[in-house]
Amino acid sequence: MSAKYINRVLKQRTPDHIGLERLPRFSIGILVFVLGSCAPVPQPLSEAESTASFAVFEAIPTPTQQGNPAPFTIETPAIVIEPAVPLPTATPLPASVGVPLDELALVKPGPGSLLRSPISVEGYGGPSQNNRVQLSLYGEDGRLISQGFTFLYSYPGRPGQFFAQVPFDTPLVAETGWLEVRSFGDRYGLLRHLSKSQVNLLSTGDERIYPTIHGAEKLTIFNPRPDGRISGGTIQLSGAGWVDADAPLGVELLDAKGQVLATTSVRIDAPAIGQLGTFSVELPYEVVFGQWARVGVYERHGDVPGVIHYTSVQIWLEP
């Protein structure tokens with residue numbers, strides 16, 4: 001922009017027709033800036049001109065930090081996220097041995113839950129005589145704190161859900177407790193199945209109920225089969241399961257009145273405590289006439305009052 005053009009503009013816009021030569025140098029610089037900003041706005045290029053001007057440039061992708069994905073768009077493919085390592089399961093089962101679901105399970109509360117009175121119990125299992133199951137609560141010293149019955153929500157002779165409210169009273173602020181559920185055989189009412197879960201009993205404080213799952217049967221009898229006929233004076237007993245302590249399983253044979261006909265013990269052949277293994281043992285017996293009986297396998301150790309887990313099958317015994 002020339003000085004003559006600026007001087008002509010000033011003569012047109014200033015009342016005193018101040019000449020450019022009268023202004024200080026810094027005022028001339030300010031005027032040049034102001035008048036330059038008032039210059040006409042350049043018009044956008046046509047499509048042809050734009051293509052010709054920017055054809056030499058290439059699109060450069062925006063750099064991203066290592067480990068951060070690019071922004072998601074509609075063209076972004078779906079991503080399947082999987083854990084880096086297999087998640088732990090409630091019971092790791094080798095493929096060579098298959099066990100059924102637990103016949104009698106305490107679904108709520110789960111092991112380790114912090115509970116205040118009354119305890120809301122939910123479970124699944126059966127069948128059981130007259131569709132009834134028994135719930136018991138034991139303290140850490142083995143004393144019986146609470147006991148009662150509830151019903152299976154199912155047709156007779158079928159498994160189903162059960163619900164109950166178990167009240168208790170503890171003199172301590174907190175203590176370890178054992179919640180137990182039992183089912184009974186439909187023929188003579190003998191103990192059919194037992195499951196026990198460790199919980200924490202509170203006299204004060206907030207509850208904290210942990211989830212659990214209806215998992216695999218802890219002790220399973222493969223042979224003899226339910227209602228099987230046994231003769232010859234020996235029962236070939238076999239099954240699978242796992243234990244919580246380094247202790248053998250107890251085995252018992254009961255008659256229709258619940259009297260003991262024979263007992264023995266067997267250890268589970270497993271890689272380690274808490275892992276699934278198999279067991280097999282011969283159980284001699286002696287009867288003088290054919291009769292119904294029940295053979296049961298149970299786990300017991302000194303840290304837990306009573307039996308931890310019990311499973312059984314009904315059989316027909318012959319001499």
# chains A, B, ... in the order shown; residues from 1 in each chain; ligands from 1
>>> residues_around(residues="A:Phe168", least_positions_apart="4", cutoff="9 Å", atoms="only C-alpha atoms", output="list of chain:residue names")
A:Arg116, A:Ser117, A:Pro118, A:Ile119, A:Leu137, A:Ile145, A:Ser146, A:Leu201
>>> select_by_dssp(residues="stretch 223-295 of chain A", states="strand (DSSP E or B)", output="MDAnalysis selection string")
chainID A and resid 223 228:230 234:241 249:255 260:266 269 277:284 291:295
>>> closest_residue(among="A:Gly125, A:Gly110, A:Pro171, A:Gly241", to="A:Ala272", atoms="only C-alpha atoms")
A:Gly241
>>> closest_residue(among="A:Tyr298, A:Phe184, A:Trp242, A:Phe289", to="A:Thr264", atoms="only C-alpha atoms")
A:Tyr298
>>> residues_around(residues="stretch 215-219 of chain A", least_positions_apart="4", cutoff="12 Å", atoms="only C-alpha atoms", output="mmCIF file with N, CA and C atoms, in the first residue's frame")
data_model
loop_
_atom_site.group_PDB
_atom_site.id
_atom_site.type_symbol
_atom_site.label_atom_id
_atom_site.label_comp_id
_atom_site.auth_asym_id
_atom_site.auth_seq_id
_atom_site.Cartn_x
_atom_site.Cartn_y
_atom_site.Cartn_z
ATOM 1 N N THR A 89 -12.750 -71.374 37.496
ATOM 2 C CA THR A 89 -14.097 -71.913 37.617
ATOM 3 C C THR A 89 -14.310 -72.417 39.033
ATOM 4 N N ALA A 90 -15.573 -72.607 39.380
ATOM 5 C CA ALA A 90 -15.874 -73.065 40.732
ATOM 6 C C ALA A 90 -15.275 -74.433 41.000
ATOM 7 N N THR A 91 -15.258 -75.276 39.980
ATOM 8 C CA THR A 91 -14.702 -76.621 40.119
ATOM 9 C C THR A 91 -14.023 -77.005 38.820
ATOM 10 N N PRO A 92 -12.683 -76.969 38.744
ATOM 11 C CA PRO A 92 -12.026 -77.405 37.515
ATOM 12 C C PRO A 92 -12.204 -78.905 37.312
ATOM 13 N N LEU A 93 -12.805 -79.292 36.201
ATOM 14 C CA LEU A 93 -13.124 -80.697 35.963
ATOM 15 C C LEU A 93 -12.311 -81.235 34.796
ATOM 16 N N VAL A 97 -13.516 -87.148 33.474
ATOM 17 C CA VAL A 97 -14.517 -87.433 34.498
ATOM 18 C C VAL A 97 -15.608 -86.379 34.420
ATOM 19 N N GLY A 98 -16.856 -86.834 34.333
ATOM 20 C CA GLY A 98 -17.974 -85.909 34.329
ATOM 21 C C GLY A 98 -18.846 -86.128 35.546
ATOM 22 N N VAL A 99 -19.194 -85.058 36.236
ATOM 23 C CA VAL A 99 -20.043 -85.162 37.415
ATOM 24 C C VAL A 99 -21.294 -84.320 37.194
ATOM 25 N N PRO A 100 -22.412 -84.695 37.793
ATOM 26 C CA PRO A 100 -23.646 -83.926 37.612
ATOM 27 C C PRO A 100 -23.660 -82.670 38.467
ATOM 28 N N LEU A 101 -24.715 -81.880 38.321
ATOM 29 C CA LEU A 101 -24.917 -80.725 39.187
ATOM 30 C C LEU A 101 -25.198 -81.177 40.609
ATOM 31 N N ASP A 102 -24.871 -80.293 41.551
ATOM 32 C CA ASP A 102 -25.095 -80.602 42.955
ATOM 33 C C ASP A 102 -26.574 -80.896 43.189
ATOM 34 N N GLU A 103 -26.853 -82.034 43.835
ATOM 35 C CA GLU A 103 -28.243 -82.441 44.056
ATOM 36 C C GLU A 103 -28.961 -81.520 45.021
ATOM 37 N N LEU A 104 -28.222 -80.879 45.943
ATOM 38 C CA LEU A 104 -28.836 -80.005 46.938
ATOM 39 C C LEU A 104 -27.893 -78.827 47.168
ATOM 40 N N ALA A 105 -28.287 -77.637 46.713
ATOM 41 C CA ALA A 105 -27.371 -76.501 46.702
ATOM 42 C C ALA A 105 -27.959 -75.309 47.447
ATOM 43 N N LEU A 106 -27.126 -74.646 48.249
ATOM 44 C CA LEU A 106 -27.461 -73.366 48.870
ATOM 45 C C LEU A 106 -26.991 -72.263 47.919
ATOM 46 N N VAL A 107 -27.935 -71.660 47.226
ATOM 47 C CA VAL A 107 -27.600 -70.630 46.243
ATOM 48 C C VAL A 107 -27.373 -69.278 46.911
ATOM 49 N N GLY A 110 -24.017 -67.020 49.752
ATOM 50 C CA GLY A 110 -22.837 -67.752 49.332
ATOM 51 C C GLY A 110 -21.811 -67.850 50.451
ATOM 52 N N GLY A 123 -32.353 -71.755 47.699
ATOM 53 C CA GLY A 123 -31.602 -72.919 47.247
ATOM 54 C C GLY A 123 -32.367 -73.697 46.207
ATOM 55 N N TYR A 124 -31.749 -74.790 45.779
ATOM 56 C CA TYR A 124 -32.355 -75.660 44.772
ATOM 57 C C TYR A 124 -31.894 -77.089 45.040
ATOM 58 N N GLY A 125 -32.817 -78.026 44.866
ATOM 59 C CA GLY A 125 -32.412 -79.415 45.042
ATOM 60 C C GLY A 125 -33.603 -80.337 45.179
ATOM 61 N N HIS A 193 -29.181 -86.510 51.187
ATOM 62 C CA HIS A 193 -28.126 -85.599 50.736
ATOM 63 C C HIS A 193 -27.956 -84.493 51.765
ATOM 64 N N LEU A 194 -26.731 -83.993 51.869
ATOM 65 C CA LEU A 194 -26.424 -82.908 52.804
ATOM 66 C C LEU A 194 -25.388 -81.988 52.177
ATOM 67 N N SER A 195 -25.622 -80.682 52.288
ATOM 68 C CA SER A 195 -24.648 -79.672 51.850
ATOM 69 C C SER A 195 -24.492 -78.645 52.954
ATOM 70 N N LYS A 196 -23.269 -78.166 53.128
ATOM 71 C CA LYS A 196 -22.980 -77.209 54.194
ATOM 72 C C LYS A 196 -22.138 -76.074 53.628
ATOM 73 N N SER A 238 -17.773 -96.963 43.704
ATOM 74 C CA SER A 238 -16.860 -96.070 42.989
ATOM 75 C C SER A 238 -17.556 -94.746 42.742
ATOM 76 N N GLY A 239 -16.766 -93.705 42.579
ATOM 77 C CA GLY A 239 -17.326 -92.372 42.343
ATOM 78 C C GLY A 239 -16.243 -91.351 42.125
ATOM 79 N N ALA A 240 -16.618 -90.073 42.232
ATOM 80 C CA ALA A 240 -15.680 -88.963 42.006
ATOM 81 C C ALA A 240 -16.068 -87.804 42.899
ATOM 82 N N GLY A 241 -15.132 -86.883 43.078
ATOM 83 C CA GLY A 241 -15.380 -85.688 43.884
ATOM 84 C C GLY A 241 -14.095 -85.035 44.314
ATOM 85 N N TRP A 242 -14.203 -84.137 45.268
ATOM 86 C CA TRP A 242 -13.014 -83.471 45.827
ATOM 87 C C TRP A 242 -13.270 -83.162 47.295
ATOM 88 N N VAL A 243 -12.197 -82.911 48.033
ATOM 89 C CA VAL A 243 -12.289 -82.683 49.475
ATOM 90 C C VAL A 243 -11.601 -81.369 49.819
ATOM 91 N N ASP A 244 -11.932 -80.843 51.012
ATOM 92 C CA ASP A 244 -11.354 -79.585 51.480
ATOM 93 C C ASP A 244 -10.162 -79.780 52.410
ATOM 94 N N LEU A 249 -12.585 -90.144 52.973
ATOM 95 C CA LEU A 249 -14.040 -90.123 52.980
ATOM 96 C C LEU A 249 -14.563 -91.276 53.824
ATOM 97 N N GLY A 250 -15.684 -91.042 54.488
ATOM 98 C CA GLY A 250 -16.353 -92.110 55.204
ATOM 99 C C GLY A 250 -17.393 -92.781 54.317
ATOM 100 N N VAL A 251 -17.555 -94.070 54.474
ATOM 101 C CA VAL A 251 -18.531 -94.843 53.701
ATOM 102 C C VAL A 251 -19.360 -95.639 54.697
ATOM 103 N N ILE A 268 -9.628 -90.102 48.123
ATOM 104 C CA ILE A 268 -9.810 -89.677 46.737
ATOM 105 C C ILE A 268 -8.443 -89.617 46.061
ATOM 106 N N GLY A 274 -8.713 -80.239 47.001
ATOM 107 C CA GLY A 274 -9.566 -79.281 46.315
ATOM 108 C C GLY A 274 -9.712 -79.516 44.831
ATOM 109 N N GLN A 275 -9.008 -80.525 44.296
ATOM 110 C CA GLN A 275 -9.131 -80.855 42.879
ATOM 111 C C GLN A 275 -9.887 -82.170 42.711
ATOM 112 N N LEU A 276 -10.553 -82.278 41.579
ATOM 113 C CA LEU A 276 -11.397 -83.439 41.323
ATOM 114 C C LEU A 276 -10.568 -84.703 41.169
ATOM 115 N N GLY A 277 -11.057 -85.759 41.782
ATOM 116 C CA GLY A 277 -10.421 -87.063 41.674
ATOM 117 C C GLY A 277 -11.459 -88.169 41.761
ATOM 118 N N THR A 278 -11.015 -89.388 41.749
ATOM 119 C CA THR A 278 -11.908 -90.541 41.797
ATOM 120 C C THR A 278 -11.623 -91.380 43.036
ATOM 121 N N PHE A 279 -12.578 -92.203 43.402
ATOM 122 C CA PHE A 279 -12.387 -93.128 44.521
ATOM 123 C C PHE A 279 -13.061 -94.458 44.180
ATOM 124 N N GLY A 296 -23.988 -94.585 51.635
ATOM 125 C CA GLY A 296 -23.648 -93.164 51.610
ATOM 126 C C GLY A 296 -22.156 -92.928 51.718
ATOM 127 N N VAL A 297 -21.706 -91.811 51.136
ATOM 128 C CA VAL A 297 -20.318 -91.361 51.201
ATOM 129 C C VAL A 297 -20.326 -89.940 51.755
ATOM 130 N N TYR A 298 -19.440 -89.655 52.703
ATOM 131 C CA TYR A 298 -19.465 -88.335 53.329
ATOM 132 C C TYR A 298 -18.046 -87.843 53.616
ATOM 133 N N GLU A 299 -17.958 -86.522 53.743
ATOM 134 C CA GLU A 299 -16.693 -85.853 54.076
ATOM 135 C C GLU A 299 -16.819 -85.247 55.465
ATOM 136 N N ILE A 308 -19.554 -82.440 56.409
ATOM 137 C CA ILE A 308 -19.505 -81.312 55.468
ATOM 138 C C ILE A 308 -20.396 -81.578 54.267
ATOM 139 N N HIS A 309 -20.286 -82.776 53.714
ATOM 140 C CA HIS A 309 -21.064 -83.129 52.529
ATOM 141 C C HIS A 309 -21.395 -84.615 52.593
ATOM 142 N N TYR A 310 -22.625 -84.939 52.174
ATOM 143 C CA TYR A 310 -23.091 -86.326 52.218
ATOM 144 C C TYR A 310 -23.903 -86.606 50.966
ATOM 145 N N THR A 311 -23.630 -87.743 50.341
ATOM 146 C CA THR A 311 -24.415 -88.183 49.202
ATOM 147 C C THR A 311 -24.668 -89.672 49.335
ATOM 148 N N SER A 312 -25.801 -90.148 48.806
ATOM 149 C CA SER A 312 -26.151 -91.556 48.995
ATOM 150 C C SER A 312 -27.047 -92.022 47.865
ATOM 151 N N VAL A 313 -27.155 -93.336 47.730
ATOM 152 C CA VAL A 313 -28.076 -93.952 46.783
ATOM 153 C C VAL A 313 -28.791 -95.104 47.479
#
>>> decode(residues="stretch 189-206 of chain A", atoms="N, CA, C and O atoms", output="CSV table (one decimal), in the first residue's frame")
chain,number,residue,atom,x,y,z
A,189,GLY,N,-37.3,-92.3,54.6
A,189,GLY,CA,-37.0,-91.0,55.3
A,189,GLY,C,-35.5,-90.9,55.8
A,189,GLY,O,-35.2,-90.0,56.6
A,190,LEU,N,-34.6,-91.8,55.3
A,190,LEU,CA,-33.2,-91.7,55.7
A,190,LEU,C,-32.6,-90.5,55.0
A,190,LEU,O,-33.1,-90.0,54.0
A,191,LEU,N,-31.5,-90.0,55.6
A,191,LEU,CA,-30.7,-88.9,55.0
A,191,LEU,C,-30.3,-89.3,53.6
A,191,LEU,O,-29.7,-90.3,53.4
A,192,ARG,N,-30.7,-88.4,52.7
A,192,ARG,CA,-30.4,-88.6,51.3
A,192,ARG,C,-29.2,-87.8,50.8
A,192,ARG,O,-28.3,-88.3,50.2
A,193,HIS,N,-29.2,-86.5,51.2
A,193,HIS,CA,-28.1,-85.6,50.7
A,193,HIS,C,-28.0,-84.5,51.8
A,193,HIS,O,-28.9,-84.1,52.4
A,194,LEU,N,-26.7,-84.0,51.9
A,194,LEU,CA,-26.4,-82.9,52.8
A,194,LEU,C,-25.4,-82.0,52.2
A,194,LEU,O,-24.4,-82.5,51.6
A,195,SER,N,-25.6,-80.7,52.3
A,195,SER,CA,-24.6,-79.7,51.8
A,195,SER,C,-24.5,-78.6,53.0
A,195,SER,O,-25.5,-78.3,53.6
A,196,LYS,N,-23.3,-78.2,53.1
A,196,LYS,CA,-23.0,-77.2,54.2
A,196,LYS,C,-22.1,-76.1,53.6
A,196,LYS,O,-21.2,-76.3,52.8
A,197,SER,N,-22.4,-74.8,54.1
A,197,SER,CA,-21.7,-73.7,53.6
A,197,SER,C,-21.3,-72.8,54.8
A,197,SER,O,-22.1,-72.6,55.7
A,198,GLN,N,-20.1,-72.3,54.7
A,198,GLN,CA,-19.5,-71.4,55.8
A,198,GLN,C,-20.0,-70.0,55.6
A,198,GLN,O,-19.8,-69.4,54.5
A,199,VAL,N,-20.5,-69.4,56.7
A,199,VAL,CA,-20.9,-68.0,56.6
A,199,VAL,C,-20.4,-67.3,57.9
A,199,VAL,O,-19.8,-67.9,58.7
A,200,ASN,N,-20.6,-66.0,58.0
A,200,ASN,CA,-20.2,-65.2,59.1
A,200,ASN,C,-21.4,-64.5,59.7
A,200,ASN,O,-22.2,-63.8,59.1
A,201,LEU,N,-21.7,-64.8,61.0
A,201,LEU,CA,-22.8,-64.3,61.7
A,201,LEU,C,-22.5,-63.1,62.5
A,201,LEU,O,-21.5,-63.0,63.2
A,202,LEU,N,-23.3,-62.0,62.3
A,202,LEU,CA,-23.1,-60.7,62.9
A,202,LEU,C,-24.2,-60.4,63.9
A,202,LEU,O,-25.4,-60.7,63.6
A,203,SER,N,-23.9,-59.8,65.0
A,203,SER,CA,-24.9,-59.3,65.9
A,203,SER,C,-25.1,-57.8,65.7
A,203,SER,O,-26.1,-57.2,66.1
A,204,THR,N,-24.2,-57.2,65.0
A,204,THR,CA,-24.3,-55.7,64.6
A,204,THR,C,-23.4,-55.5,63.3
A,204,THR,O,-22.6,-56.3,63.0
A,205,GLY,N,-23.7,-54.4,62.7
A,205,GLY,CA,-23.0,-54.2,61.4
A,205,GLY,C,-23.8,-54.4,60.2
A,205,GLY,O,-25.0,-54.8,60.3
A,206,ASP,N,-23.2,-54.1,59.1
A,206,ASP,CA,-23.9,-54.3,57.8
A,206,ASP,C,-23.7,-55.6,57.2
A,206,ASP,O,-22.7,-56.2,57.3
